[in-house]
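Below you'll find the structure, written out as structure tokens, and then a few comments.
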Amino acid sequence: MLLDNPMVSPARKVNIVKKRTKPFVRVQSDNFKRVSASWRRPRGIDSRTRRRFKGTRPQPKIGFGSNKKTRFLLPDGFRKYTIHNLGDLESLVMLNRTYAAEIARNIGAKKRIELIERAKQLSVKVINADARIRAVEN
């Protein structure tokens, strides 16, 4: 199998702290099957939740946002960058300790192999290096 270069490590490893990991639940989604749990803002004129009464469920606010330094960071310390061709990959040469390449979903197997081999030469980490690649048959 073609694997990404194990020597590539992030420039600095920062602890990622999430202020809230539980999802925000839509009002009355527990009462009705037809109301899905995915968050929708309550808009009713008399809505207790919209008016933020005591004892109602929490709503998303700007205070729940992530730290600017760790926003969009993957757990391994890299940021994700989608590549479609060799040109996109070449742009990561100087930033190979900050960004990890992710090969776009509409790239075929033949082009994927080319991109992964070039990434290995440039020591760029590829997140989905194993996707759509089979072992070479004898």
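Each chain in the structure tokens gets a letter, A, B and so on, in the order shown; residues start at 1 in every chain, and ligands are counted from 1 in the order they appear.
Taking only C-alpha atoms, the non-local environment of segment 81-96 of chain A within 7 Å (same-chain residues fewer than 5 positions away omitted) comprises Ala101, Glu102, Ile103, Ala104, Ile107, Leu115, Leu122, Ser123 and Val124 of chain A.
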Using DSSP assignments from the backbone, pull out every residue in chain A that falls under strand (DSSP E) and give it to me as a ChimeraX atom specification.
/A:79-83,99-103
Would you mind listing what lies within 10 Å of Gly65 of chain A as a PyMOL selection string, with only C-alpha atoms counted and same-chain residues fewer than 4 positions away left out?
chain A and resi 18-20+60-61+71
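Every protein, DNA or RNA residue with an atom at most 10 Å from Pro42 of chain A, where only C-alpha atoms count and chain neighbours fewer than 4 positions away do not, is listed here: Arg26, Val27, Asp46, Ser47, Arg48, Thr49, Arg50, Arg51 and Gln59 of chain A.
Atom pair atom CA of Ser29 of chain A / atom CA of Arg41 of chain A has a distance of 12.4 Å (rounded to one decimal).
Distance check against Asn15 of chain A using only C-alpha atoms: of A:Lys120, A:Lys80, A:Arg132, A:Lys69, the minimum falls on A:Lys69.
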